[in-house]
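Only one structure is covered here, and it is reproduced in the block below.
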Amino acid sequence: MIYGASAVYYRELLILRRRLTRLIPSWCVSPLLYLIAFGFAMGKHVTLDGHTYMEFLLPGLIAMTSMTQAFAISSEINIARFYWNIFEEIQAAPVSDISYVAGEVLAGMTRAFLAILVVLVLGLLFGVVLSLNPWFWLAILLNSFLFASLAVGIAMLVKSHADQSLMTSFVITPMAFLGGTFFPLENFPVWAQKIIYFLPLTHASTAIRTAAFGNRPSFVSLMILAVGGTLLFCISVWCVKKAKD
Amino acid sequence: MIRIENLNKTYKTIQALKDVNLEVNKGELFAFLGPNGAGKTTTIRILTGLTRLSSGTVSLNGFDVGNRSVESRRQCGLVPQSINLDRELSVFENLTIHGKLFRMDRQERNKRIDELLDYVEMGDRKETLVKNLSGGLKRRLMIARALLHSPSILFLDEPTVGLDAAIRRKIWALIRKIQQHGTTIFLTTHYIEEAEFLADRVAFLDKGSIVIVDTPRALMNRMGTWALDRLKEDDMETLYFNDRKEVNDYIAAHKDSFTLRRVNLEDAFLALTGKKVK
Ligand SMILES: Nc1ncnc2c1ncn2[C@@H]1O[C@H](COP(=O)(O)OP(=O)(O)OP(=O)(O)O)[C@@H](O)[C@H]1O
Ligand SMILES: [Mg+2]
C-alpha cells in the first residue's frame, strides 16, 4: 500500500513543483482581496471577542484556504482522468484503490498546507500574528484531510469537467461563506445556526480560530472533522472501485 | 500466454463483445483486426483489468484477470489507444512515475530507463517535456514506458494510428524487435497492411464477434495467389486466380482493362466479412 500511495503522491508533487510559480500568486489573490476589502473596511473599530476584525478574519481565511486548496485536487484528478487519461495508467498498475486515494489525499493536503503558509505570510504583512501551536496545525490537518477525501470521491462521481465546477459552486462556495469564515456564528439566526453546525468548515474555522488565539479548540469539533474525514476517505475508496465501467 | 473463454461484455444496452474465445501463445505476435467500434479496445481493456467483464474468464500466464489481481497486472504492459502521458512532466519523470507504480527500486529503475530510451532511440530526449514531443516520439515513449517493468505480454492498442508512413515503419520495426526479445504481443489495428506485415496470427473481429483466426498466409491462400481488379461503372470487382496462366487466359478472353496484383490480407478480409475495414 505504501509503495502505491507514494508513487501516486510523487506524481502529484512533480506536477505541483512545476506549477508552483503560477500557483503561489493565485493563492494570494482571494485572501488578499478579503483582507483588503473586509479587513480595512471594518478597520480597527470593530472588535470581536477582544480581537480586531483582521485578527478574526485571518484564521477564517486559513480554514477556507485549506478547504479550497485540498478540494482543488478534485479538478486536477478530473483533468488527468478525462483529458489526459492518466487514471488508466494508474489503474493498469498494481496499485490498490486505497493506495490511490491515500496518494491523492496526501497531495491535496500538501497543496493546502503550502497555500496556508502563503496566507500566513500575507497575514504577517497586515500585522496579524497568530499562535501557531500544535492544536492549530492539527485542526488544519484534519480539515484538509476531510476536504481532500471529499475531493477524490467527487472526482470519481462526476461524469465531466463541467459537472466538476458545478460541484465547487454548490458545495464549496456556500460553505466558504457560511462556515464561520467571515462572521461569528452567533450573529446568524438560531435556525440558521443549526444548519451551519452541520457544515464541516464551521468546525474547522472555529477550531482553527480558537487555536490561533492561543486556546484549546473543542474536542467535539476535532472529532467531527476526524470522523467525517475518515468516513469520506472510505467512501472515496468505494467510488474509485465503482469508477470502472 | 493469453486465454479468453466465452467472454461477453455489455455496456448498459450495447453488447460490445459476444462469446469471444481466443488463445494467444507465448512469444506470439497476435493482431486483432476490425473496423471502428468492433470491440478491440474493449477486449484490451478487459485483458488489462481496466474494464469489468460481463461473463466469461480471462487469464494472463495463468493468472486470472477478473479479480484485478496484482499478479495479472504485473504480467502486462499497456500502450493505450489515446496518448496518456503527463504532458507537463519530462520524459524521465513520466518513466520514473511508471517505475514507482510498479515498485521498481531506484537503481533498477534508472538503469532500465536508460536502456529503454536507447532502445526506442530517444536517449537524447530524457529531459524534454512531453508536450514538446512529436506524435511519433510520444508513441515511442509510451511503448518504452509499457516495457519498463519488463512485462511478459505487451498490449498495443492501435500503435500507429495518426502517424505518417515513415514513422509507422519505424514503430513496426520496434514492435518486431520487442517480439524477438521473447515478449508476447497483442496488438489491435484497423490497418490491414499492419497486421499482414507484423502478425504471426490475426483475428478478424466484427461487431463484437470473432469471424476467423488464422495466419495471414493461410487466410490469403484461401483466396488464391493473384488478384485481378476490374473497374465497373460504380464499383470495383476483383477476381482471384491460383496461377499466372489462368490469369493470362482470362485477360486474353476479355477486352476490359485490368490491374493485376498479388492477393493481400484485405482480399481475405473482404471475402470474409463482405465489407471494407475503415
Ligand atoms: N465506456 C463505454 N460505455 C458505453 N459503450 C462503450 C464504452 N466503451 C466502448 N463502448 C461501445 O462498445 C463498442 C466497442 O467499442 P471499442 O472501443 O471496443 O471499439 P474499437 O474496436 O476499439 O473501435 P475503434 O477502432 O474506434 O477504436 C462500441 O459500440 C462502443 O460504442
Ligand atoms: Mg479502439
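Labeling convention for the C-alpha cells: chains A, B, ... as they appear, residues from 1 per chain, ligands from 1 in order of appearance.
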Restrict the distance test to only C-alpha atoms, flag each residue of chain B within 6 Å of chain A, and return the flagged residues as a PyMOL selection string.
chain B and resi 51+70+73+84+100-101
Would you mind listing the residues within 9 Å of ligand 1, counting only C-alpha atoms and all ligand atoms, as a PDB file with C-alpha atoms, in the first residue's frame?
ATOM      1  CA  LYS A 244     -14.687   1.421 -13.752  1.00  0.00           C
ATOM      2  CA  ASP A 245     -17.167   0.560 -16.491  1.00  0.00           C
TER       3      ASP A 245
ATOM      4  CA  LYS B   9     -19.228  -7.616 -22.389  1.00  0.00           C
ATOM      5  CA  THR B  10     -22.327  -5.453 -22.297  1.00  0.00           C
ATOM      6  CA  TYR B  11     -22.280  -1.704 -21.675  1.00  0.00           C
ATOM      7  CA  LYS B  12     -25.770  -0.896 -20.450  1.00  0.00           C
ATOM      8  CA  THR B  13     -27.555  -1.680 -23.736  1.00  0.00           C
ATOM      9  CA  ILE B  14     -24.675  -2.192 -26.178  1.00  0.00           C
ATOM     10  CA  GLN B  15     -23.255  -5.673 -26.440  1.00  0.00           C
ATOM     11  CA  ALA B  16     -19.625  -4.880 -27.206  1.00  0.00           C
ATOM     12  CA  LEU B  17     -18.279  -8.481 -27.143  1.00  0.00           C
ATOM     13  CA  PHE B  32      -6.761  -8.101 -33.584  1.00  0.00           C
ATOM     14  CA  LEU B  33      -8.224  -6.584 -36.701  1.00  0.00           C
ATOM     15  CA  GLY B  34     -11.591  -4.923 -37.001  1.00  0.00           C
ATOM     16  CA  PRO B  35     -13.492  -1.799 -38.021  1.00  0.00           C
ATOM     17  CA  ASN B  36     -14.309   1.099 -35.670  1.00  0.00           C
ATOM     18  CA  GLY B  37     -16.485   0.011 -32.798  1.00  0.00           C
ATOM     19  CA  ALA B  38     -15.763  -3.704 -33.308  1.00  0.00           C
ATOM     20  CA  GLY B  39     -14.702  -4.122 -29.678  1.00  0.00           C
ATOM     21  CA  LYS B  40     -10.910  -4.144 -29.976  1.00  0.00           C
ATOM     22  CA  THR B  41     -10.274  -1.599 -27.251  1.00  0.00           C
ATOM     23  CA  THR B  42     -12.868  -3.229 -25.027  1.00  0.00           C
ATOM     24  CA  THR B  43     -11.012  -6.546 -25.333  1.00  0.00           C
ATOM     25  CA  ILE B  44      -7.681  -4.961 -24.406  1.00  0.00           C
ATOM     26  CA  ARG B  45      -9.221  -3.063 -21.507  1.00  0.00           C
ATOM     27  CA  THR B  51     -12.855  -2.733 -17.594  1.00  0.00           C
ATOM     28  CA  GLN B  81      -5.124   3.950 -27.997  1.00  0.00           C
ATOM     29  CA  ASP B 157      -3.968  -0.571 -28.983  1.00  0.00           C
ATOM     30  CA  GLU B 158      -3.650   0.920 -32.487  1.00  0.00           C
ATOM     31  CA  THR B 188      -5.129  -4.121 -32.409  1.00  0.00           C
ATOM     32  CA  THR B 189      -5.269  -2.242 -35.649  1.00  0.00           C
ATOM     33  CA  HIS B 190      -7.588  -1.278 -38.403  1.00  0.00           C
ATOM     34  CA  LEU B 205     -13.380  -9.047 -35.111  1.00  0.00           C
ATOM     35  CA  ASP B 206     -16.696  -7.723 -36.343  1.00  0.00           C
ATOM     36  CA  LYS B 207     -19.487  -6.305 -34.164  1.00  0.00           C
ATOM     37  CA  GLY B 208     -18.065  -7.983 -31.092  1.00  0.00           C
ATOM     38  CA  LYS B 278     -12.070   1.556 -42.071  1.00  0.00           C
TER      39      LYS B 278
END
Kindly give the distance, in Å, that separates CA of Asn221 (chain B) and CA of Leu239 (chain B), rounded to a single decimal.
14.0 Å
Quick one: residues within 6 Å of Asn8 (chain B), only C-alpha atoms, excluding same-chain residues fewer than 3 positions away - as a list in words?
Leu17, Lys18, Asp19, Ser54 and Ser55 of chain B
Interatomic distance between CA of Arg169 (chain B) and CA of Arg109 (chain B)?
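Answer for the CA of Arg169 (chain B) to CA of Arg109 (chain B) separation: 28.7 Å.
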Quick one, how far is CA of Pro59 (chain A) from CA of Ile235 (chain A)?
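These atoms are spaced 29.0 Å apart.
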What residues in region 62-227 of chain B get the DSSP label strand (DSSP E or B)? Please answer as a ChimeraX atom specification.
/B:63-64,76-79,90,129,153-157,184-189,201-206,209-214,226-227
Residue nearest ligand 2 among B:Leu53, B:Leu187, B:Ala271, B:Ile171 (counting only C-alpha atoms and all ligand atoms):
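With only C-alpha atoms and all ligand atoms as the atom set, the closest residue is B:Leu187.
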Using only C-alpha atoms, determine which residues lie at most 10 Å from Ala211 (chain A), disregarding the query and same-chain residues fewer than 5 positions distant; provide the list as an NGL selection string.
:A and (59 or 130-139 or 205-206 or 216-218)
Can you pull out the residues contacting region 35-40 of chain A? Cut-off 9 Å, using only C-alpha atoms, and skip same-chain residues under 2 positions away; I want them as a PyMOL selection string.
chain A and resi 30-33+42-44+52-55+57-58+61+122-123+126+182
Export C-alpha atoms of the chosen residues as a PDB file, in the first residue's frame?
ATOM      1  CA  SER A  30      -8.508  35.901  -2.793  1.00  0.00           C
ATOM      2  CA  PRO A  31      -7.089  36.137   0.767  1.00  0.00           C
ATOM      3  CA  LEU A  32      -5.506  39.443  -0.215  1.00  0.00           C
ATOM      4  CA  LEU A  33      -8.814  40.761  -1.544  1.00  0.00           C
ATOM      5  CA  MET A  42     -14.064  47.162   9.179  1.00  0.00           C
ATOM      6  CA  GLY A  43     -10.957  48.914  10.427  1.00  0.00           C
ATOM      7  CA  LYS A  44      -9.768  48.962  13.985  1.00  0.00           C
ATOM      8  CA  THR A  52      -9.663  43.218  15.728  1.00  0.00           C
ATOM      9  CA  TYR A  53     -11.668  42.093  12.718  1.00  0.00           C
ATOM     10  CA  MET A  54      -8.410  41.420  10.861  1.00  0.00           C
ATOM     11  CA  GLU A  55      -7.345  39.025  13.609  1.00  0.00           C
ATOM     12  CA  LEU A  57     -10.672  37.118   9.689  1.00  0.00           C
ATOM     13  CA  LEU A  58      -7.247  35.568   9.159  1.00  0.00           C
ATOM     14  CA  LEU A  61      -9.261  32.618   5.649  1.00  0.00           C
ATOM     15  CA  LEU A 122       0.185  37.703   3.945  1.00  0.00           C
ATOM     16  CA  GLY A 123      -1.253  37.967   7.447  1.00  0.00           C
ATOM     17  CA  PHE A 126      -1.000  43.027   7.560  1.00  0.00           C
ATOM     18  CA  PHE A 182     -16.181  35.992   7.847  1.00  0.00           C
TER      19      PHE A 182
END
How would you write, as a list in words, the set of residues in region 175-250 of chain B that DSSP gives as helix (DSSP H, G or I)?
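Selecting the helix (DSSP H, G or I) positions of region 175-250 of chain B gives Ile175, Arg176, Lys177, Ile178, Gln179, Gln180, Ile192, Glu193, Glu194, Ala195, Glu196, Phe197, Leu198, Pro216, Arg217, Ala218, Leu219, Met220, Asn221, Arg244, Lys245, Glu246, Val247, Asn248, Asp249 and Tyr250 of chain B.
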Export C-alpha atoms of the chosen residues as a PDB file, in the first residue's frame?
ATOM      1  CA  ILE B 175       7.484  -3.978 -32.385  1.00  0.00           C
ATOM      2  CA  ARG B 176       9.300  -6.745 -34.249  1.00  0.00           C
ATOM      3  CA  LYS B 177      12.403  -6.143 -32.151  1.00  0.00           C
ATOM      4  CA  ILE B 178      10.362  -6.424 -28.944  1.00  0.00           C
ATOM      5  CA  GLN B 179       8.901  -9.722 -30.077  1.00  0.00           C
ATOM      6  CA  GLN B 180      12.357 -11.078 -30.873  1.00  0.00           C
ATOM      7  CA  ILE B 192      -4.793  -4.366 -42.667  1.00  0.00           C
ATOM      8  CA  GLU B 193      -1.255  -4.000 -44.004  1.00  0.00           C
ATOM      9  CA  GLU B 194      -0.054  -3.585 -40.424  1.00  0.00           C
ATOM     10  CA  ALA B 195      -1.498  -6.950 -39.443  1.00  0.00           C
ATOM     11  CA  GLU B 196      -0.230  -8.546 -42.646  1.00  0.00           C
ATOM     12  CA  PHE B 197       3.280  -7.234 -42.130  1.00  0.00           C
ATOM     13  CA  LEU B 198       3.618  -7.923 -38.411  1.00  0.00           C
ATOM     14  CA  PRO B 216      -2.098 -14.103 -42.630  1.00  0.00           C
ATOM     15  CA  ARG B 217      -0.558 -16.564 -45.123  1.00  0.00           C
ATOM     16  CA  ALA B 218      -3.291 -19.148 -44.673  1.00  0.00           C
ATOM     17  CA  LEU B 219      -6.009 -16.510 -44.959  1.00  0.00           C
ATOM     18  CA  MET B 220      -4.526 -15.190 -48.174  1.00  0.00           C
ATOM     19  CA  ASN B 221      -4.016 -18.684 -49.591  1.00  0.00           C
ATOM     20  CA  ARG B 244      -0.464 -16.929 -63.662  1.00  0.00           C
ATOM     21  CA  LYS B 245      -1.532 -18.855 -66.759  1.00  0.00           C
ATOM     22  CA  GLU B 246      -5.205 -18.747 -65.775  1.00  0.00           C
ATOM     23  CA  VAL B 247      -4.879 -15.009 -65.376  1.00  0.00           C
ATOM     24  CA  ASN B 248      -3.374 -14.559 -68.803  1.00  0.00           C
ATOM     25  CA  ASP B 249      -6.076 -16.676 -70.397  1.00  0.00           C
ATOM     26  CA  TYR B 250      -8.777 -14.650 -68.682  1.00  0.00           C
TER      27      TYR B 250
END
Among listed residues B:Pro151, B:Gly27, B:Pro80, B:Gly123, nearest ligand 2 (using only C-alpha atoms and all ligand atoms)
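Ranking B:Pro151, B:Gly27, B:Pro80, B:Gly123 by distance to ligand 2, first place goes to B:Pro80.
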